[in-house]
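A.B. asks: Handing you this structure, nothing more for now.
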Amino acid sequence: MILNFGSINIDNVYQVDRFPLDGETISSKSYDKILGGKGINQSVAIHRAGGDVKHVGYIGDDTWILDQILKIGIKTDFISKCYGPTGHAIIFVDAAGENEIVIHAGANDQFSKSQCFKILESFGSKDSWVVLQNEINLSIEIAKKAKELGFRICYSAAPFDASHAKEMLPYVDLLVMNETELKELQNSIEKNVFDLDVDMILVTLGSRGAELHMKNNTYKQSSFIAEPVDTTGAGDTFLGSFMACYDNGYEIKKALEYAAASSSIQITRIGAAKAIPTFDEVEEFLSEQKK
Ligand code: RIB
């Protein structure tokens with residue numbers, strides 16, 4: 001079981017030919033207002049890959065977001081409404097599918113310690129994971145408590161904050177970063193990241209795939225050829241898909257292959273959560289690749 005304490009955003013997505021220059025105003029080609037946020041994107045990826053995920057999150061007065069999450073098939077029992085705006089993001093996606101994102105935390109900053117601890121205590125920690133990112137308050141407190149209770153912790157260090165990442169390290173079993181985050185973490189600690197006492201370090205490498213560093217082995221996974229339309233949420237898709245497969249007992253190589261296929265499909269569609277493929281879509285894609 002995977003318990004994800006994660007952000008929920010309203011993504012305002014604007015497709016543009018190119019990003020605006022300083023002081024410039026440009027027109028967008030399209031506008032979408034959709035479900036996003038690193039946390040819930042990861043939960044959607046876990047769910048669509050067949051994983052057992054419970055999402056803990058906070059939103060403002062946006063019932064349509066709850067409806068979208070329910071429609072995907074994720075239960076909303078642990079998603080609470082609070083005062084103030086739902087977390088949201090302004091996302092520009094250019095012609096190459098690259099993005100620029102500004103987020104406002106809103107309700108993602110309103111996690112309540114007593115509520116989160118109660119939820120943690122209500123689940124058996126045996127063989128269970130807690131997933132955390134940097135888009136919510138209290139992630140360090142939740143990690144500490146979850147570790148005490150015996151959960152394994154998966155932490156993606158995004159959006160990157162060096163001091164926050166350093167504080168999280170003692171509790172983390174699976175650390176997830178992209179190359180930029182890896183370099184930033186490397187610069188802020190005094191030893192090689194791969195010498196840290198962390199069981200698994202997953203580095204996503206964009207169009208080059210990913211590497212999983214474990215104590216006695218490093219697994220390399222290439223990405224599949226894909227024409228990117230929107231790369232928003234590709235890392236979340238990789239992580240969620242990998243977690244679901246790993247938690248379901250897949251061999252590491254198979255879990256990485258599934259995650260690479262899932263994120264290669266996801267970037268060919270507009271949007272973050274809504275672009276994440278289902279298990280059947282990924283399996284069909286993989287069997288096509290093997291023909
Ligand atoms: O990782 C992609 C996500 O980052 C977007 O969905 C946006 O909400 C921001 O949190």
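Here's how to read the names in the structure tokens: chain A, B, ... by the order shown, residue numbers from 1 in each chain, ligand numbers from 1 in the order shown.
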Excluding region 177-180 of chain A and its own-chain neighbours fewer than 6 positions away, which residues fall within 10 Å of it when counting only C-alpha atoms? Please give them as number ranges by chain.
C.D. replies: A: 155-160, 186, 201-206, 210, 235, 239
A.B. asks: Each residue of chain A lying at most 10 Å from ligand 1 should get a row with its shortest atom-to-atom pair and the distance in Å to one decimal, counting only C-alpha atoms and all ligand atoms; could you produce that, ordered by chain and increasing number, as a tab-separated table?
C.D. replies:
residue	atom	partner	partner_atom_place_in_ligand_line	distance
A:Gly6	CA	ligand 1	10 (O)	9.9
A:Ser7	CA	ligand 1	10 (O)	7.2
A:Ile8	CA	ligand 1	8 (O)	7.3
A:Asn9	CA	ligand 1	8 (O)	5.0
A:Ile10	CA	ligand 1	8 (O)	6.6
A:Asp11	CA	ligand 1	8 (O)	5.3
A:Asn12	CA	ligand 1	8 (O)	8.5
A:Val13	CA	ligand 1	6 (O)	9.3
A:Ile34	CA	ligand 1	6 (O)	8.8
A:Leu35	CA	ligand 1	6 (O)	7.2
A:Gly36	CA	ligand 1	6 (O)	3.6
A:Gly37	CA	ligand 1	8 (O)	3.4
A:Lys38	CA	ligand 1	3 (C)	4.5
A:Gly39	CA	ligand 1	10 (O)	7.6
A:Ile40	CA	ligand 1	6 (O)	8.3
A:Asn41	CA	ligand 1	6 (O)	6.6
A:Gln42	CA	ligand 1	1 (O)	8.8
A:Gly87	CA	ligand 1	8 (O)	8.0
A:His88	CA	ligand 1	8 (O)	6.3
A:Ala89	CA	ligand 1	8 (O)	5.0
A:Ile90	CA	ligand 1	7 (C)	7.8
A:Ile91	CA	ligand 1	7 (C)	7.3
A:Asn99	CA	ligand 1	2 (C)	9.4
A:Glu100	CA	ligand 1	4 (O)	9.6
A:Ile101	CA	ligand 1	9 (C)	6.7
A:Val102	CA	ligand 1	9 (C)	7.7
A:Ile103	CA	ligand 1	9 (C)	6.4
A:His104	CA	ligand 1	10 (O)	8.9
A:Ala105	CA	ligand 1	10 (O)	8.9
A:Gln133	CA	ligand 1	10 (O)	9.8
A:Asn134	CA	ligand 1	10 (O)	9.5
A:Glu135	CA	ligand 1	10 (O)	7.1
A:Ala158	CA	ligand 1	1 (O)	8.2
A:Pro159	CA	ligand 1	4 (O)	8.1
A:Thr231	CA	ligand 1	2 (C)	8.5
A:Thr232	CA	ligand 1	2 (C)	5.0
A:Gly233	CA	ligand 1	2 (C)	3.9
A:Ala234	CA	ligand 1	1 (O)	7.1
A:Gly235	CA	ligand 1	1 (O)	6.6
A:Asp236	CA	ligand 1	1 (O)	5.8
A:Thr237	CA	ligand 1	1 (O)	8.7
A:Gly271	CA	ligand 1	6 (O)	7.6
A:Ala272	CA	ligand 1	6 (O)	5.1
A:Ala273	CA	ligand 1	6 (O)	7.0
A:Lys274	CA	ligand 1	6 (O)	9.9
A.B. asks: Excluding Phe238 (chain A) and any residue of its chain fewer than 5 positions from it, enumerate the residues within 7 Å of it, using only C-alpha atoms, and give them as a list in words.
C.D. replies: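 Listing them by chain and then by number gives Ala259, Ala260, Ser262 and Ser263 of chain A.
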A.B. asks: Keeping only all heavy atoms, write the selected residues as a PDB file, in the first residue's frame.
C.D. replies:
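Result file follows (selection_16.pdb):
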ATOM      1  N   ALA A 259       7.733   2.075 -16.263  1.00  0.00           N
ATOM      2  CA  ALA A 259       7.731   3.513 -15.959  1.00  0.00           C
ATOM      3  C   ALA A 259       8.194   4.327 -17.167  1.00  0.00           C
ATOM      4  O   ALA A 259       7.642   5.390 -17.473  1.00  0.00           O
ATOM      5  CB  ALA A 259       8.627   3.780 -14.750  1.00  0.00           C
ATOM      6  N   ALA A 260       9.196   3.826 -17.878  1.00  0.00           N
ATOM      7  CA  ALA A 260       9.701   4.548 -19.059  1.00  0.00           C
ATOM      8  C   ALA A 260       8.639   4.578 -20.150  1.00  0.00           C
ATOM      9  O   ALA A 260       8.432   5.612 -20.808  1.00  0.00           O
ATOM     10  CB  ALA A 260      10.973   3.869 -19.573  1.00  0.00           C
ATOM     11  N   SER A 262       5.364   4.330 -19.710  1.00  0.00           N
ATOM     12  CA  SER A 262       4.260   5.162 -19.257  1.00  0.00           C
ATOM     13  C   SER A 262       4.577   6.647 -19.465  1.00  0.00           C
ATOM     14  O   SER A 262       3.755   7.411 -19.996  1.00  0.00           O
ATOM     15  CB  SER A 262       4.016   4.852 -17.783  1.00  0.00           C
ATOM     16  OG  SER A 262       2.976   5.623 -17.285  1.00  0.00           O
ATOM     17  N   SER A 263       5.795   7.071 -19.088  1.00  0.00           N
ATOM     18  CA  SER A 263       6.109   8.498 -19.243  1.00  0.00           C
ATOM     19  C   SER A 263       6.342   8.867 -20.715  1.00  0.00           C
ATOM     20  O   SER A 263       6.069   9.990 -21.117  1.00  0.00           O
ATOM     21  CB  SER A 263       7.254   8.942 -18.331  1.00  0.00           C
ATOM     22  OG  SER A 263       8.324   8.076 -18.426  1.00  0.00           O
TER      23      SER A 263
END
A.B. asks: If you count only C-alpha atoms, which residues fall within 8 Å of region 163-169 of chain A, apart from same-chain ones fewer than 4 positions away, as a ChimeraX atom specification?
C.D. replies: /A:140,143,157,185,189,198
A.B. asks: With distances taken over only C-alpha atoms, which of A:Phe111, A:Phe279, A:Phe242, A:Phe224 is nearest to Val56 (chain A)?
C.D. replies: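 Distance minimum relative to Val56 (chain A) lands on A:Phe111.
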A.B. asks: Using DSSP assignments from the backbone, pull out every residue in region 54-212 of chain A that falls under alpha helix (DSSP H) and give it to me as a PyMOL selection string.
C.D. replies: chain A and resi 63-72+113-122+139-149+162-168+179-188
A.B. asks: Export N, CA and C atoms of the chosen residues as a tab-separated table (two decimals), in the first residue's frame?
C.D. replies:
chain	number	residue	atom	x	y	z
A	63	THR	N	-15.07	21.80	-5.62
A	63	THR	CA	-15.63	20.45	-5.62
A	63	THR	C	-15.33	19.71	-6.93
A	64	TRP	N	-15.21	20.45	-8.05
A	64	TRP	CA	-14.95	19.79	-9.34
A	64	TRP	C	-13.63	19.02	-9.33
A	65	ILE	N	-12.69	19.48	-8.49
A	65	ILE	CA	-11.40	18.77	-8.39
A	65	ILE	C	-11.63	17.40	-7.75
A	66	LEU	N	-12.47	17.38	-6.69
A	66	LEU	CA	-12.77	16.11	-6.05
A	66	LEU	C	-13.45	15.17	-7.04
A	67	ASP	N	-14.37	15.74	-7.83
A	67	ASP	CA	-15.08	14.92	-8.83
A	67	ASP	C	-14.10	14.32	-9.83
A	68	GLN	N	-13.13	15.12	-10.26
A	68	GLN	CA	-12.13	14.62	-11.22
A	68	GLN	C	-11.32	13.47	-10.62
A	69	ILE	N	-10.94	13.65	-9.35
A	69	ILE	CA	-10.11	12.61	-8.69
A	69	ILE	C	-10.93	11.32	-8.55
A	70	LEU	N	-12.20	11.49	-8.15
A	70	LEU	CA	-13.08	10.31	-8.00
A	70	LEU	C	-13.29	9.60	-9.34
A	71	LYS	N	-13.45	10.40	-10.40
A	71	LYS	CA	-13.67	9.85	-11.74
A	71	LYS	C	-12.48	9.00	-12.18
A	72	ILE	N	-11.29	9.42	-11.76
A	72	ILE	CA	-10.08	8.65	-12.10
A	72	ILE	C	-10.09	7.31	-11.36
A	113	LYS	N	-0.95	18.64	11.25
A	113	LYS	CA	-0.10	17.61	11.85
A	113	LYS	C	-0.95	16.52	12.51
A	114	SER	N	-1.95	16.96	13.30
A	114	SER	CA	-2.73	15.94	14.04
A	114	SER	C	-3.48	15.04	13.07
A	115	GLN	N	-4.04	15.64	12.01
A	115	GLN	CA	-4.79	14.83	11.04
A	115	GLN	C	-3.87	13.85	10.30
A	116	CYS	N	-2.70	14.36	9.90
A	116	CYS	CA	-1.77	13.49	9.14
A	116	CYS	C	-1.25	12.35	10.02
A	117	PHE	N	-0.92	12.67	11.29
A	117	PHE	CA	-0.41	11.63	12.18
A	117	PHE	C	-1.49	10.57	12.45
A	118	LYS	N	-2.74	11.05	12.58
A	118	LYS	CA	-3.86	10.12	12.81
A	118	LYS	C	-4.00	9.17	11.62
A	119	ILE	N	-3.88	9.71	10.43
A	119	ILE	CA	-4.00	8.88	9.22
A	119	ILE	C	-2.85	7.86	9.20
A	120	LEU	N	-1.63	8.34	9.47
A	120	LEU	CA	-0.48	7.42	9.48
A	120	LEU	C	-0.71	6.28	10.47
A	121	GLU	N	-1.19	6.66	11.68
A	121	GLU	CA	-1.36	5.64	12.73
A	121	GLU	C	-2.48	4.66	12.40
A	122	SER	N	-3.40	5.08	11.52
A	122	SER	CA	-4.55	4.20	11.22
A	122	SER	C	-4.19	3.12	10.20
A	139	SER	N	6.26	18.15	5.36
A	139	SER	CA	6.77	16.88	4.82
A	139	SER	C	7.84	16.27	5.73
A	140	ILE	N	8.66	17.11	6.37
A	140	ILE	CA	9.70	16.55	7.25
A	140	ILE	C	9.07	15.89	8.49
A	141	GLU	N	8.08	16.58	9.07
A	141	GLU	CA	7.40	16.01	10.24
A	141	GLU	C	6.71	14.69	9.88
A	142	ILE	N	6.08	14.65	8.71
A	142	ILE	CA	5.38	13.43	8.29
A	142	ILE	C	6.40	12.31	8.07
A	143	ALA	N	7.53	12.64	7.44
A	143	ALA	CA	8.56	11.62	7.18
A	143	ALA	C	9.09	11.04	8.49
A	144	LYS	N	9.35	11.94	9.46
A	144	LYS	CA	9.88	11.51	10.77
A	144	LYS	C	8.92	10.54	11.44
A	145	LYS	N	7.65	10.94	11.49
A	145	LYS	CA	6.63	10.13	12.16
A	145	LYS	C	6.45	8.78	11.42
A	146	ALA	N	6.41	8.86	10.08
A	146	ALA	CA	6.20	7.65	9.28
A	146	ALA	C	7.35	6.66	9.51
A	147	LYS	N	8.57	7.20	9.59
A	147	LYS	CA	9.75	6.35	9.82
A	147	LYS	C	9.64	5.67	11.18
A	148	GLU	N	9.27	6.46	12.21
A	148	GLU	CA	9.09	5.89	13.57
A	148	GLU	C	8.09	4.74	13.54
A	149	LEU	N	7.05	4.88	12.72
A	149	LEU	CA	6.00	3.86	12.67
A	149	LEU	C	6.39	2.67	11.79
A	162	ALA	N	17.58	22.86	-1.24
A	162	ALA	CA	18.71	22.10	-0.70
A	162	ALA	C	18.57	21.82	0.79
A	163	SER	N	18.20	22.85	1.58
A	163	SER	CA	18.20	22.60	3.02
A	163	SER	C	17.06	21.63	3.39
A	164	HIS	N	15.96	21.74	2.69
A	164	HIS	CA	14.85	20.83	2.93
A	164	HIS	C	15.24	19.39	2.57
A	165	ALA	N	15.89	19.24	1.41
A	165	ALA	CA	16.31	17.91	0.97
A	165	ALA	C	17.28	17.30	1.99
A	166	LYS	N	18.22	18.12	2.48
A	166	LYS	CA	19.21	17.61	3.44
A	166	LYS	C	18.53	17.12	4.72
A	167	GLU	N	17.52	17.88	5.16
A	167	GLU	CA	16.79	17.49	6.39
A	167	GLU	C	16.01	16.19	6.20
A	168	MET	N	15.55	15.96	4.96
A	168	MET	CA	14.75	14.76	4.69
A	168	MET	C	15.61	13.49	4.62
A	179	GLU	N	18.20	15.38	-13.12
A	179	GLU	CA	19.65	15.66	-13.16
A	179	GLU	C	20.01	17.00	-12.51
A	180	THR	N	19.14	18.00	-12.73
A	180	THR	CA	19.43	19.33	-12.17
A	180	THR	C	19.39	19.25	-10.65
A	181	GLU	N	18.36	18.58	-10.14
A	181	GLU	CA	18.22	18.45	-8.68
A	181	GLU	C	19.40	17.67	-8.10
A	182	LEU	N	19.83	16.64	-8.84
A	182	LEU	CA	20.98	15.85	-8.39
A	182	LEU	C	22.23	16.74	-8.25
A	183	LYS	N	22.45	17.59	-9.28
A	183	LYS	CA	23.63	18.48	-9.24
A	183	LYS	C	23.52	19.44	-8.07
A	184	GLU	N	22.31	19.99	-7.86
A	184	GLU	CA	22.13	20.95	-6.76
A	184	GLU	C	22.36	20.29	-5.41
A	185	LEU	N	21.87	19.05	-5.26
A	185	LEU	CA	22.07	18.35	-3.99
A	185	LEU	C	23.56	18.04	-3.81
A	186	GLN	N	24.18	17.61	-4.91
A	186	GLN	CA	25.61	17.31	-4.88
A	186	GLN	C	26.43	18.51	-4.40
A	187	ASN	N	26.05	19.71	-4.92
A	187	ASN	CA	26.78	20.93	-4.53
A	187	ASN	C	26.55	21.30	-3.08
A	188	SER	N	25.44	20.85	-2.50
A	188	SER	CA	25.14	21.33	-1.16
A	188	SER	C	25.54	20.33	-0.06
A.B. asks: Mind giving me the straight-line distance from CA of Ala244 (chain A) to CA of Phe194 (chain A) in Å, one decimal?
C.D. replies: 23.7 Å
A.B. asks: Check the DSSP output for the backbone and give back, as a ChimeraX atom specification, the residues of region 48-183 of chain A in strand (DSSP E or B).
C.D. replies: /A:53-59,79-81,87-93,99-104,129-132,152-156,174-178
A.B. asks: Please provide the set of residues having any atom within 6 Å of Ile59 (chain A), restricted to only C-alpha atoms, with same-chain residues fewer than 2 positions apart removed, written as a PyMOL selection string.
C.D. replies: chain A and resi 81+86+107
A.B. asks: Put those residues in a file: N, CA, C and O atoms, as a compact mmCIF listing (two decimals), in the first residue's frame.
C.D. replies:
# COMPACT_ATOMS: atom_id res chain seq x y z
N LYS A 81 -11.24 19.72 2.70
CA LYS A 81 -11.42 21.09 2.23
C LYS A 81 -10.95 22.05 3.32
O LYS A 81 -11.14 21.78 4.51
N THR A 86 -7.45 26.71 -3.57
CA THR A 86 -6.78 25.44 -3.91
C THR A 86 -5.41 25.80 -4.49
O THR A 86 -5.26 26.83 -5.15
N ALA A 107 -3.94 25.69 -0.56
CA ALA A 107 -4.29 24.68 0.44
C ALA A 107 -3.20 23.64 0.67
O ALA A 107 -3.19 22.96 1.70
A.B. asks: Return the single residue from A:Asp195, A:Glu190, A:Asp32, A:Asp127 that is closest to Asp247 (chain A), with distances computed using only C-alpha atoms.
C.D. replies: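 Ranking A:Asp195, A:Glu190, A:Asp32, A:Asp127 by distance to Asp247 (chain A), first place goes to A:Asp127.
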A.B. asks: Which residue is closest to Tyr171 (chain A)? Choose from A:Ile267, A:Glu211, A:Val130, A:Val229 and count only C-alpha atoms.
C.D. replies: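 When distances to Tyr171 (chain A) are compared using only C-alpha atoms, the smallest one comes from A:Val130.
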A.B. asks: Taking 5 positions as the minimum chain separation for residues in the same chain, which residues sit within 8 Å of Val53 (chain A) when counting only C-alpha atoms? Answer as a ChimeraX atom specification.
C.D. replies: /A:1-4,43,46-47,74
A.B. asks: Would you compute the distance between CA of Ala45 (chain A) and CA of Met243 (chain A)? Give it in Å to one decimal.
C.D. replies: 9.0 Å
A.B. asks: Between A:Tyr219, A:Tyr14, A:Tyr250, A:Tyr58, single out the one closest to Pro85 (chain A), counting only C-alpha atoms.
C.D. replies: A:Tyr58
A.B. asks: Within 7 Å of Asp199 (chain A), counting only C-alpha atoms, which residues qualify if same-chain residues fewer than 4 places away don't, as a PDB file with N, CA, C and O atoms, in the first residue's frame?
C.D. replies:
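Listed below is the output, result_23.pdb:
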ATOM      1  N   ASP A 173      14.106   6.199   2.002  1.00  0.00           N
ATOM      2  CA  ASP A 173      14.533   4.895   1.459  1.00  0.00           C
ATOM      3  C   ASP A 173      14.668   4.958  -0.049  1.00  0.00           C
ATOM      4  O   ASP A 173      15.495   4.275  -0.623  1.00  0.00           O
ATOM      5  N   LEU A 174      13.815   5.734  -0.684  1.00  0.00           N
ATOM      6  CA  LEU A 174      13.890   5.922  -2.142  1.00  0.00           C
ATOM      7  C   LEU A 174      13.886   7.424  -2.403  1.00  0.00           C
ATOM      8  O   LEU A 174      12.902   8.119  -2.116  1.00  0.00           O
ATOM      9  N   MET A 214      21.263   1.406  -6.619  1.00  0.00           N
ATOM     10  CA  MET A 214      21.015   0.666  -5.375  1.00  0.00           C
ATOM     11  C   MET A 214      22.375   0.327  -4.772  1.00  0.00           C
ATOM     12  O   MET A 214      23.397   0.547  -5.420  1.00  0.00           O
ATOM     13  N   LYS A 215      22.377  -0.206  -3.547  1.00  0.00           N
ATOM     14  CA  LYS A 215      23.653  -0.456  -2.865  1.00  0.00           C
ATOM     15  C   LYS A 215      24.625  -1.262  -3.731  1.00  0.00           C
ATOM     16  O   LYS A 215      25.789  -0.894  -3.854  1.00  0.00           O
TER      17      LYS A 215
END
A.B. asks: Mind giving me the straight-line distance from CA of Ile79 (chain A) to CA of Asn137 (chain A) in Å, one decimal?
C.D. replies: 15.0 Å
